[in-house]
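Beneath this line is the structure, given in structure tokens, with notes to follow.
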Amino acid sequence: MNTIIEKISGDINSDQPVLQKAAQIICDGGLVAFPTETVYGLGGDAFDAQAAGRIYAAKGRPSDNPLIVHIANIGDLDTLSDKVPDMAYRLADMFWPGPLTMIIPKNSKVPSTVTGGLDTVAVRLPSHPAARRLIELSGTYIAAPSANLSGRPSPTKASHVIEDLFGRIDMIIDGGDIEIGLESTIVDLTGDVPVILRPGFVTQEALKKAVGNVLLDPALMTGVSGDVRPKAPGMKYRHYAPRAELIVIEGRPSAVSERLRSMAAEAVLQGRKVGVMVSEELSHGFDNAEVICLGRRNNEEEIAKHLFDALRQFDEMQVDIIFAEAFSQEGIGQAVMNRMLKAAGHRIIKV
Ligand code: TXA
Ligand code: MG
């Protein structure tokens with residue numbers, strides 16, 4: 001398939017012709033990768049069951065893993081659901097447009113291919129101006145998972161999308177580097193108490209402040225074990241995974257630093273190509289290893305923004321093993337560590 005790549009500038013008026021062209025492709029049943037504030041999305045018409053089928057095929061994604069429907073106005077909630085919980089409007093008022101996805105009961109207008117056969121639908125109103133304009137211009141809603149091949153880290157740069165999906169979709173809108181770099185927070189509103197199914201930039205603390213009690217899906221930080229299964233189907237897959245083995249070291253910074261250096265040195269001696277993923281503070285003192293610094297330790301936003309790109313860079317460098325520093329789980333650190341531990345298959349060493 002021929003994939004068109006078009007750059008946008010961020011000025012919504014001069015970007016209009018590109019967005020118009022993309023909207024037309026979506027109306028015609030095609031697929032367009034576009035920037036959002038969280039990660040790049042792979043969009044198709046949310047009311048077109050065949051477009052959903054094409055999304056699953058392009059990503060190589062299992063079709064029981066539902067898609068998020070992106071809307072342009074809060075009122076659009078009522079088009080997708082006949083039973084919108086009051087809580088949804090309250091959260092929408094506070095956090096939309098922005099990096100929050102809500103799970104609500106779906107109505108019959110939403111094709112079951114989009115929701116992976118579930119009777120609920122995931123809805124998000126993104127804040128990225130080009131994403132919103134694209135939804136408006138398409139005259140429909142846009143079903144969009146992250147624009148990566150299934151199992152690879154979500155794309156935070158247009159080059160990541162090109163790497164994974166060039167030749168498999170109709171168009172890629174290059175909007176430059178993504179602002180947040182981790183996927184949206186997903187909150188399930190179908191029970192009495194909201195439950196976070198995937199942590200993100202909108203933190204549990206912020207949600208609690210807004211609406212009171214908010215729980216965390218117990219499977220999130222432990223991975224799938226015994227009866228504990230994540231409620232978001234996508235969270236059960238080994239995701240975000242680099243090709244190399246990834247081991248996370250947690251503890252006081254001085255102890256972590258010492259252990260990282262000794263484990264890296266030992267692996268180098270064994271003839272392995274070693275990657276190290278650390279804060280700026282711990283980035284020194286490694287010999288013959290590929291060191292990627294994610295940012296300053298107390299700057300979770302910077303770390304979040306660089307994590308997926310770092311995992312992809314290690315793939316490119318073809319390292320055999322990666323040692324990573326664990327970060328604080330406060331605030332958006334919860335989302336950072338959720339992604340890192342998933343990438344590591346929950347291999348963590350406490351020192
Ligand atoms: O930030 C984001 O959310 C990005 C951008 C493009 O908006 N999208 C994204 O989509 O991350 P995706 O498909 O990569 O992740 C969606 C997650 C999956 O884990 C899926 O299982 C879960 O949302 N999900 C979707 N619909 C659901 C539902 N009805 N119930 C439970 N989980 C659902
Ligand atoms: Mg994804």
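If you're wondering about the labels, chains in the structure tokens are A, B, ... by order shown, residues count from 1 in each chain, ligands from 1 in order shown.
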Within 6 Å of ligand 2, which residues of chain A come that close, and what is the closest atom pair and distance in Å for each? Count only C-alpha atoms and all ligand atoms and give it as a tab-separated table.
residue	atom	partner	partner_atom_place_in_ligand_line	distance
A:Pro145	CA	ligand 2	1 (Mg)	5.5
A:Ser146	CA	ligand 2	1 (Mg)	4.3
A:Ser154	CA	ligand 2	1 (Mg)	5.9
For Val278 in chain A, please output as a list in words all residues within 8 Å (counting only C-alpha atoms; exclusion window: fewer than 4 positions along the same chain).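 My list of contacting residues is Leu282, Ser283, Val291, Ile292, Cys293, Leu294, Gly295, Ala324 and Glu325 of chain A.
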For range 340-342 of chain A, work out the shell of residues within 12 Å, counting only C-alpha atoms and skipping chain neighbours fewer than 3 positions away, then give it as a PDB file with N, CA and C atoms, in the first residue's frame.
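Everything below was put into result.pdb:
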ATOM      1  N   GLY A 151       2.559  -4.963  20.315  1.00  0.00           N
ATOM      2  CA  GLY A 151       3.692  -5.470  21.091  1.00  0.00           C
ATOM      3  C   GLY A 151       4.881  -4.529  21.146  1.00  0.00           C
ATOM      4  N   ARG A 152       4.944  -3.537  20.254  1.00  0.00           N
ATOM      5  CA  ARG A 152       6.065  -2.589  20.282  1.00  0.00           C
ATOM      6  C   ARG A 152       5.690  -1.374  21.139  1.00  0.00           C
ATOM      7  N   PRO A 153       6.685  -0.619  21.589  1.00  0.00           N
ATOM      8  CA  PRO A 153       6.356   0.577  22.382  1.00  0.00           C
ATOM      9  C   PRO A 153       5.503   1.556  21.583  1.00  0.00           C
ATOM     10  N   LEU A 182       3.232   9.102  27.073  1.00  0.00           N
ATOM     11  CA  LEU A 182       2.614   7.874  27.596  1.00  0.00           C
ATOM     12  C   LEU A 182       1.132   7.930  27.243  1.00  0.00           C
ATOM     13  N   ARG A 198      -5.628   1.760  33.465  1.00  0.00           N
ATOM     14  CA  ARG A 198      -4.284   2.047  32.953  1.00  0.00           C
ATOM     15  C   ARG A 198      -3.883   3.417  33.483  1.00  0.00           C
ATOM     16  N   ALA A 219      -4.447  -5.680  39.146  1.00  0.00           N
ATOM     17  CA  ALA A 219      -3.492  -6.400  38.281  1.00  0.00           C
ATOM     18  C   ALA A 219      -2.402  -5.476  37.742  1.00  0.00           C
ATOM     19  N   LEU A 220      -2.546  -4.156  37.950  1.00  0.00           N
ATOM     20  CA  LEU A 220      -1.692  -3.222  37.226  1.00  0.00           C
ATOM     21  C   LEU A 220      -0.211  -3.311  37.525  1.00  0.00           C
ATOM     22  N   MET A 221       0.138  -3.353  38.794  1.00  0.00           N
ATOM     23  CA  MET A 221       1.553  -3.289  39.113  1.00  0.00           C
ATOM     24  C   MET A 221       2.187  -4.681  39.257  1.00  0.00           C
ATOM     25  N   THR A 222       1.322  -5.721  39.322  1.00  0.00           N
ATOM     26  CA  THR A 222       1.878  -7.053  39.544  1.00  0.00           C
ATOM     27  C   THR A 222       1.957  -7.862  38.259  1.00  0.00           C
ATOM     28  N   GLY A 223       1.206  -7.459  37.224  1.00  0.00           N
ATOM     29  CA  GLY A 223       1.136  -8.280  36.026  1.00  0.00           C
ATOM     30  C   GLY A 223       0.108  -9.378  36.230  1.00  0.00           C
ATOM     31  N   VAL A 224      -0.058 -10.230  35.221  1.00  0.00           N
ATOM     32  CA  VAL A 224      -1.044 -11.306  35.319  1.00  0.00           C
ATOM     33  C   VAL A 224      -0.485 -12.399  36.202  1.00  0.00           C
ATOM     34  N   GLY A 234      -6.150  -4.979  26.760  1.00  0.00           N
ATOM     35  CA  GLY A 234      -4.810  -4.692  26.233  1.00  0.00           C
ATOM     36  C   GLY A 234      -3.718  -4.781  27.278  1.00  0.00           C
ATOM     37  N   MET A 235      -4.078  -4.634  28.561  1.00  0.00           N
ATOM     38  CA  MET A 235      -3.046  -4.607  29.595  1.00  0.00           C
ATOM     39  C   MET A 235      -2.527  -6.013  29.906  1.00  0.00           C
ATOM     40  N   LYS A 236      -3.177  -7.042  29.333  1.00  0.00           N
ATOM     41  CA  LYS A 236      -2.692  -8.382  29.645  1.00  0.00           C
ATOM     42  C   LYS A 236      -1.542  -8.806  28.720  1.00  0.00           C
ATOM     43  N   TYR A 237      -1.375  -8.092  27.616  1.00  0.00           N
ATOM     44  CA  TYR A 237      -0.318  -8.478  26.695  1.00  0.00           C
ATOM     45  C   TYR A 237       1.026  -7.954  27.164  1.00  0.00           C
ATOM     46  N   ARG A 238       2.118  -8.702  26.831  1.00  0.00           N
ATOM     47  CA  ARG A 238       3.446  -8.157  27.103  1.00  0.00           C
ATOM     48  C   ARG A 238       3.666  -7.075  26.056  1.00  0.00           C
ATOM     49  N   HIS A 239       3.697  -5.890  26.508  1.00  0.00           N
ATOM     50  CA  HIS A 239       3.514  -4.725  25.681  1.00  0.00           C
ATOM     51  C   HIS A 239       4.755  -3.893  25.803  1.00  0.00           C
ATOM     52  N   TYR A 240       4.881  -2.871  25.042  1.00  0.00           N
ATOM     53  CA  TYR A 240       5.938  -1.893  25.265  1.00  0.00           C
ATOM     54  C   TYR A 240       7.303  -2.568  25.296  1.00  0.00           C
ATOM     55  N   ALA A 241       7.363  -3.794  24.792  1.00  0.00           N
ATOM     56  CA  ALA A 241       8.545  -4.579  25.091  1.00  0.00           C
ATOM     57  C   ALA A 241       9.664  -4.326  24.099  1.00  0.00           C
ATOM     58  N   PRO A 242      10.862  -4.041  24.617  1.00  0.00           N
ATOM     59  CA  PRO A 242      12.032  -4.011  23.736  1.00  0.00           C
ATOM     60  C   PRO A 242      12.391  -5.455  23.389  1.00  0.00           C
ATOM     61  N   GLU A 245      16.180  -8.418  26.815  1.00  0.00           N
ATOM     62  CA  GLU A 245      15.724  -8.636  28.179  1.00  0.00           C
ATOM     63  C   GLU A 245      15.905  -7.322  28.962  1.00  0.00           C
ATOM     64  N   LEU A 246      14.932  -6.974  29.782  1.00  0.00           N
ATOM     65  CA  LEU A 246      15.016  -5.723  30.563  1.00  0.00           C
ATOM     66  C   LEU A 246      14.877  -6.060  32.042  1.00  0.00           C
ATOM     67  N   ILE A 247      15.803  -5.561  32.839  1.00  0.00           N
ATOM     68  CA  ILE A 247      15.776  -5.817  34.283  1.00  0.00           C
ATOM     69  C   ILE A 247      15.777  -4.476  35.013  1.00  0.00           C
ATOM     70  N   VAL A 248      14.834  -4.324  35.945  1.00  0.00           N
ATOM     71  CA  VAL A 248      14.686  -3.057  36.674  1.00  0.00           C
ATOM     72  C   VAL A 248      15.293  -3.210  38.070  1.00  0.00           C
ATOM     73  N   ILE A 249      16.072  -2.215  38.482  1.00  0.00           N
ATOM     74  CA  ILE A 249      16.693  -2.241  39.811  1.00  0.00           C
ATOM     75  C   ILE A 249      16.073  -1.136  40.660  1.00  0.00           C
ATOM     76  N   GLU A 250      15.562  -1.532  41.839  1.00  0.00           N
ATOM     77  CA  GLU A 250      14.857  -0.573  42.693  1.00  0.00           C
ATOM     78  C   GLU A 250      15.527  -0.468  44.056  1.00  0.00           C
ATOM     79  N   MET A 277      19.446   2.236  31.227  1.00  0.00           N
ATOM     80  CA  MET A 277      18.424   3.286  31.137  1.00  0.00           C
ATOM     81  C   MET A 277      18.269   3.912  32.518  1.00  0.00           C
ATOM     82  N   VAL A 278      18.704   5.153  32.644  1.00  0.00           N
ATOM     83  CA  VAL A 278      18.829   5.760  33.976  1.00  0.00           C
ATOM     84  C   VAL A 278      18.491   7.252  33.977  1.00  0.00           C
ATOM     85  N   ILE A 303      10.923  12.140  32.111  1.00  0.00           N
ATOM     86  CA  ILE A 303      11.171  10.692  32.046  1.00  0.00           C
ATOM     87  C   ILE A 303      10.075  10.012  31.229  1.00  0.00           C
ATOM     88  N   ALA A 304       8.815  10.398  31.492  1.00  0.00           N
ATOM     89  CA  ALA A 304       7.674   9.815  30.762  1.00  0.00           C
ATOM     90  C   ALA A 304       7.829  10.035  29.262  1.00  0.00           C
ATOM     91  N   HIS A 306      10.451  10.377  27.445  1.00  0.00           N
ATOM     92  CA  HIS A 306      11.586   9.739  26.763  1.00  0.00           C
ATOM     93  C   HIS A 306      11.593   8.222  26.837  1.00  0.00           C
ATOM     94  N   LEU A 307      10.703   7.643  27.679  1.00  0.00           N
ATOM     95  CA  LEU A 307      10.775   6.196  27.936  1.00  0.00           C
ATOM     96  C   LEU A 307      10.605   5.343  26.668  1.00  0.00           C
ATOM     97  N   PHE A 308       9.520   5.561  25.910  1.00  0.00           N
ATOM     98  CA  PHE A 308       9.262   4.685  24.751  1.00  0.00           C
ATOM     99  C   PHE A 308      10.327   4.856  23.672  1.00  0.00           C
ATOM    100  N   ALA A 310      13.410   5.575  24.189  1.00  0.00           N
ATOM    101  CA  ALA A 310      14.606   4.877  24.679  1.00  0.00           C
ATOM    102  C   ALA A 310      14.500   3.384  24.379  1.00  0.00           C
ATOM    103  N   LEU A 311      13.322   2.800  24.631  1.00  0.00           N
ATOM    104  CA  LEU A 311      13.150   1.357  24.386  1.00  0.00           C
ATOM    105  C   LEU A 311      13.363   1.043  22.907  1.00  0.00           C
ATOM    106  N   ILE A 322      19.154  -5.017  28.988  1.00  0.00           N
ATOM    107  CA  ILE A 322      19.034  -3.627  29.438  1.00  0.00           C
ATOM    108  C   ILE A 322      18.849  -3.623  30.950  1.00  0.00           C
ATOM    109  N   PHE A 323      19.610  -2.792  31.638  1.00  0.00           N
ATOM    110  CA  PHE A 323      19.413  -2.585  33.074  1.00  0.00           C
ATOM    111  C   PHE A 323      18.823  -1.196  33.260  1.00  0.00           C
ATOM    112  N   ALA A 324      17.745  -1.106  34.063  1.00  0.00           N
ATOM    113  CA  ALA A 324      17.069   0.181  34.219  1.00  0.00           C
ATOM    114  C   ALA A 324      16.915   0.545  35.682  1.00  0.00           C
ATOM    115  N   GLU A 325      16.952   1.831  35.939  1.00  0.00           N
ATOM    116  CA  GLU A 325      16.717   2.371  37.284  1.00  0.00           C
ATOM    117  C   GLU A 325      15.199   2.489  37.504  1.00  0.00           C
ATOM    118  N   ALA A 326      14.700   2.031  38.666  1.00  0.00           N
ATOM    119  CA  ALA A 326      13.288   2.225  38.991  1.00  0.00           C
ATOM    120  C   ALA A 326      13.095   3.656  39.496  1.00  0.00           C
ATOM    121  N   PHE A 327      11.968   4.264  39.131  1.00  0.00           N
ATOM    122  CA  PHE A 327      11.676   5.627  39.585  1.00  0.00           C
ATOM    123  C   PHE A 327      10.562   5.620  40.623  1.00  0.00           C
ATOM    124  N   SER A 328      10.345   6.764  41.222  1.00  0.00           N
ATOM    125  CA  SER A 328       9.285   6.915  42.217  1.00  0.00           C
ATOM    126  C   SER A 328       7.920   6.651  41.571  1.00  0.00           C
ATOM    127  N   GLN A 329       6.988   6.066  42.339  1.00  0.00           N
ATOM    128  CA  GLN A 329       5.659   5.805  41.791  1.00  0.00           C
ATOM    129  C   GLN A 329       4.662   6.894  42.167  1.00  0.00           C
ATOM    130  N   GLY A 333       4.644   9.127  38.020  1.00  0.00           N
ATOM    131  CA  GLY A 333       5.593   8.027  38.208  1.00  0.00           C
ATOM    132  C   GLY A 333       4.877   6.684  38.203  1.00  0.00           C
ATOM    133  N   GLN A 334       3.610   6.680  38.636  1.00  0.00           N
ATOM    134  CA  GLN A 334       2.818   5.438  38.621  1.00  0.00           C
ATOM    135  C   GLN A 334       2.673   4.911  37.179  1.00  0.00           C
ATOM    136  N   ALA A 335       2.428   5.828  36.256  1.00  0.00           N
ATOM    137  CA  ALA A 335       2.293   5.426  34.846  1.00  0.00           C
ATOM    138  C   ALA A 335       3.642   5.008  34.274  1.00  0.00           C
ATOM    139  N   VAL A 336       4.682   5.766  34.609  1.00  0.00           N
ATOM    140  CA  VAL A 336       6.028   5.440  34.110  1.00  0.00           C
ATOM    141  C   VAL A 336       6.417   4.032  34.553  1.00  0.00           C
ATOM    142  N   MET A 337       6.235   3.742  35.848  1.00  0.00           N
ATOM    143  CA  MET A 337       6.665   2.444  36.367  1.00  0.00           C
ATOM    144  C   MET A 337       5.757   1.315  35.883  1.00  0.00           C
ATOM    145  N   GLY A 345       8.582  -7.361  31.844  1.00  0.00           N
ATOM    146  CA  GLY A 345       7.923  -8.607  32.233  1.00  0.00           C
ATOM    147  C   GLY A 345       7.960  -8.770  33.749  1.00  0.00           C
ATOM    148  N   HIS A 346       7.954  -7.619  34.457  1.00  0.00           N
ATOM    149  CA  HIS A 346       7.953  -7.575  35.923  1.00  0.00           C
ATOM    150  C   HIS A 346       9.203  -8.182  36.562  1.00  0.00           C
ATOM    151  N   ARG A 347      10.338  -8.153  35.821  1.00  0.00           N
ATOM    152  CA  ARG A 347      11.591  -8.579  36.457  1.00  0.00           C
ATOM    153  C   ARG A 347      12.192  -7.392  37.185  1.00  0.00           C
ATOM    154  N   ILE A 348      12.148  -7.435  38.505  1.00  0.00           N
ATOM    155  CA  ILE A 348      12.622  -6.308  39.303  1.00  0.00           C
ATOM    156  C   ILE A 348      13.522  -6.846  40.404  1.00  0.00           C
ATOM    157  N   ILE A 349      14.650  -6.172  40.613  1.00  0.00           N
ATOM    158  CA  ILE A 349      15.560  -6.576  41.694  1.00  0.00           C
ATOM    159  C   ILE A 349      15.559  -5.455  42.722  1.00  0.00           C
TER     160      ILE A 349
END
Report as a Markdown table the residues of chain A within 6 Å of ligand 1, each with its shortest atom pair and distance in Å (one decimal), using only C-alpha atoms and all ligand atoms, ordered by chain and increasing residue number.
| residue | atom | partner | partner_atom_place_in_ligand_line | distance |
| --- | --- | --- | --- | --- |
| A:Thr38 | CA | ligand 1 | 1 (O) | 4.7 |
| A:Val39 | CA | ligand 1 | 5 (C) | 5.5 |
| A:Tyr40 | CA | ligand 1 | 6 (C) | 5.3 |
| A:Gly41 | CA | ligand 1 | 6 (C) | 3.5 |
| A:Asn65 | CA | ligand 1 | 21 (O) | 4.8 |
| A:Pro66 | CA | ligand 1 | 25 (C) | 4.3 |
| A:Leu67 | CA | ligand 1 | 25 (C) | 4.8 |
| A:Ile68 | CA | ligand 1 | 25 (C) | 5.2 |
| A:Ile103 | CA | ligand 1 | 29 (N) | 5.6 |
| A:Thr115 | CA | ligand 1 | 29 (N) | 5.6 |
| A:Leu118 | CA | ligand 1 | 29 (N) | 5.9 |
| A:Thr120 | CA | ligand 1 | 29 (N) | 4.4 |
| A:Val121 | CA | ligand 1 | 29 (N) | 4.1 |
| A:Ala122 | CA | ligand 1 | 26 (N) | 4.4 |
| A:Ala144 | CA | ligand 1 | 6 (C) | 5.4 |
| A:Pro145 | CA | ligand 1 | 13 (O) | 3.2 |
| A:Ser146 | CA | ligand 1 | 14 (O) | 4.0 |
| A:Glu183 | CA | ligand 1 | 1 (O) | 3.5 |
| A:Ser184 | CA | ligand 1 | 1 (O) | 3.7 |
| A:Lys231 | CA | ligand 1 | 31 (C) | 5.8 |
| A:Ala232 | CA | ligand 1 | 32 (N) | 3.4 |
| A:Pro233 | CA | ligand 1 | 21 (O) | 3.8 |
| A:Gly234 | CA | ligand 1 | 19 (O) | 3.2 |
| A:Met235 | CA | ligand 1 | 19 (O) | 4.9 |
For Tyr141 in chain A, please output as a PyMOL selection string all residues within 8 Å (counting only C-alpha atoms; exclusion window: fewer than 3 positions along the same chain). chain A and resi 45-47+69-72+135+138
Please produce a file of the residues just selected, as a compact mmCIF listing (two decimals), in the first residue's frame, where the atoms kept are N, CA, C and O atoms.
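Listed below is the output, selection_23.txt:
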# COMPACT_ATOMS: atom_id res chain seq x y z
N ASP A 45 -12.70 5.37 10.83
CA ASP A 45 -14.07 5.74 11.16
C ASP A 45 -14.64 4.79 12.23
O ASP A 45 -14.73 3.59 12.01
N ALA A 46 -15.03 5.36 13.38
CA ALA A 46 -15.49 4.53 14.50
C ALA A 46 -16.82 3.84 14.23
O ALA A 46 -17.19 2.91 14.94
N PHE A 47 -17.56 4.29 13.22
CA PHE A 47 -18.85 3.65 12.93
C PHE A 47 -18.74 2.66 11.77
O PHE A 47 -19.75 2.14 11.30
N VAL A 69 -12.53 5.27 21.20
CA VAL A 69 -13.23 6.16 20.27
C VAL A 69 -12.93 7.61 20.65
O VAL A 69 -13.15 8.02 21.79
N HIS A 70 -12.39 8.36 19.70
CA HIS A 70 -12.01 9.76 19.94
C HIS A 70 -13.10 10.68 19.43
O HIS A 70 -13.54 10.56 18.28
N ILE A 71 -13.55 11.59 20.30
CA ILE A 71 -14.63 12.51 19.97
C ILE A 71 -14.12 13.95 20.04
O ILE A 71 -13.01 14.19 20.52
N ALA A 72 -14.94 14.90 19.56
CA ALA A 72 -14.49 16.29 19.54
C ALA A 72 -15.26 17.19 20.52
O ALA A 72 -14.85 18.32 20.77
N ILE A 135 -10.94 15.17 13.80
CA ILE A 135 -12.21 14.52 14.16
C ILE A 135 -13.38 15.36 13.63
O ILE A 135 -14.30 14.84 13.00
N SER A 138 -13.73 15.17 9.86
CA SER A 138 -14.16 13.86 9.33
C SER A 138 -15.67 13.69 9.45
O SER A 138 -16.26 12.85 8.79
Selected residue, from A:Leu269, A:Met263, A:Val319, A:Ile26, that lies nearest to Glu136 in chain A when counting only C-alpha atoms: A:Ile26
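Distance check against Asp315 in chain A using only C-alpha atoms: of A:Asp170, A:Asp177, A:Asp217, A:Glu290, the minimum falls on A:Glu290.
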Write down as a list in words the residues of range 153-289 of chain A whose backbone DSSP state falls under strand (DSSP E or B).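 Result set for range 153-289 of chain A (strand (DSSP E or B)): Met171, Ile172, Ile173, Asp174, Thr185, Ile186, Val187, Asp188, Val195, Ile196, Leu197, Arg198, Leu215, Leu216, Ser225, Val228, Glu245, Leu246, Ile247, Val248, Ile249, Glu250, Val274, Gly275, Val276, Met277 and Val278 of chain A.
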Which of range 247-344 of chain A end up as alpha helix (DSSP H) when DSSP is run on this backbone - answer as an NGL selection string? :A and (253-269 or 300-317 or 333-343)
If we count only C-alpha atoms, what is near Asp188 in chain A at a cut-off of 6 Å, once residues fewer than 6 positions away on the same chain are taken out, given as a ChimeraX atom specification? /A:102-103,194-195
Have a look at A:Pro155, A:Gly191, A:Gly139, A:Gly98 and name the one nearest to Leu42 in chain A; count only C-alpha atoms.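 Between A:Pro155, A:Gly191, A:Gly139, A:Gly98, the residue approaching Leu42 in chain A most closely is A:Pro155.
A straight line drawn from CA of Pro111 in chain A to CA of Met171 in chain A is 23.5 Å long.
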